[in-house]
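For reference, the structure is listed below as structure tokens.
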Amino acid sequence: MRPPEQAPEPELAQGVVRQYRSRDAWVIVAHGEYDMGTVAPLADALNTAVSKHSKVVLDTSGVSFADSSFLNLLILAHQATTLCVAGPRPQLQRLFEVSGVDALLRVRATVEEAVAS
């Protein structure tokens, strides 16, 4: 008997932020493009998370574009709590490197690594 196939997780719509607890961390899943016009829902989620949780993981594996407003949000969250960024795509990793934010933020390859660190 074959195990039932799992349906793929539905893709999040722009502006929708999924959140959950994993061990002692609060995980926020970012998805889509983030610029000054679209960063507000993520900013709201991060601001709430940093006020309630001592460790926050931001899953950026679904981020396809980010600009300085996204970077600013990460820096502010980093100043308020233990923030770990997980799974950045090459373009986002490059943005971190070019801006120097990679020296400030804790960046891990996966959410599991970020939660464990």
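Identifiers for the structure tokens are assigned positionally: chains receive A, B, ... in sequence, residues are indexed from 1 per chain, and ligands are indexed from 1 in the order shown.
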
(request) Can you pull out every residue within 7 Å of segment 85-100 of chain A, counting only C-alpha atoms, but drop anything in the same chain fewer than 6 positions away, and send it as a list of chain:residue names? (result)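 The contact residues come out as A:Val57, A:Leu58, A:Asp59, A:Thr60, A:Ser61, A:Ala66, A:Arg106, A:Val107, A:Arg108, A:Ala109, A:Thr110, A:Val111, A:Ala114.
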
(request) Enumerate as a VMD selection string all residues of chain A assigned to alpha helix (DSSP H) by DSSP on the backbone, naming them with the chain letters and numbers the document uses. (result) chain A and resid 40 to 52 68 to 80 90 to 99 111 to 116

(request) Determine, counting only C-alpha atoms, which protein, DNA and RNA residues have an atom within 12 Å of an atom of segment 28-33 of chain A; residues of the same chain fewer than 3 positions away are not included. Present the result as a PyMOL selection string. (result) chain A and resi 10-22+25+36-50+53+55-67+69-70+74+83-89+91-92+110-111+114-115

(message) When DSSP is applied to the backbone of this structure, which of chain A are assigned strand (DSSP E)? Write them out as a ChimeraX atom specification.
(response) /A:18-22,25-34,55-66,82-86,106-108

(request) Please measure the separation of atom CA of Leu104 of chain A and atom CA of Gln79 of chain A, giving the value in Å to one decimal. (result) 10.0 Å
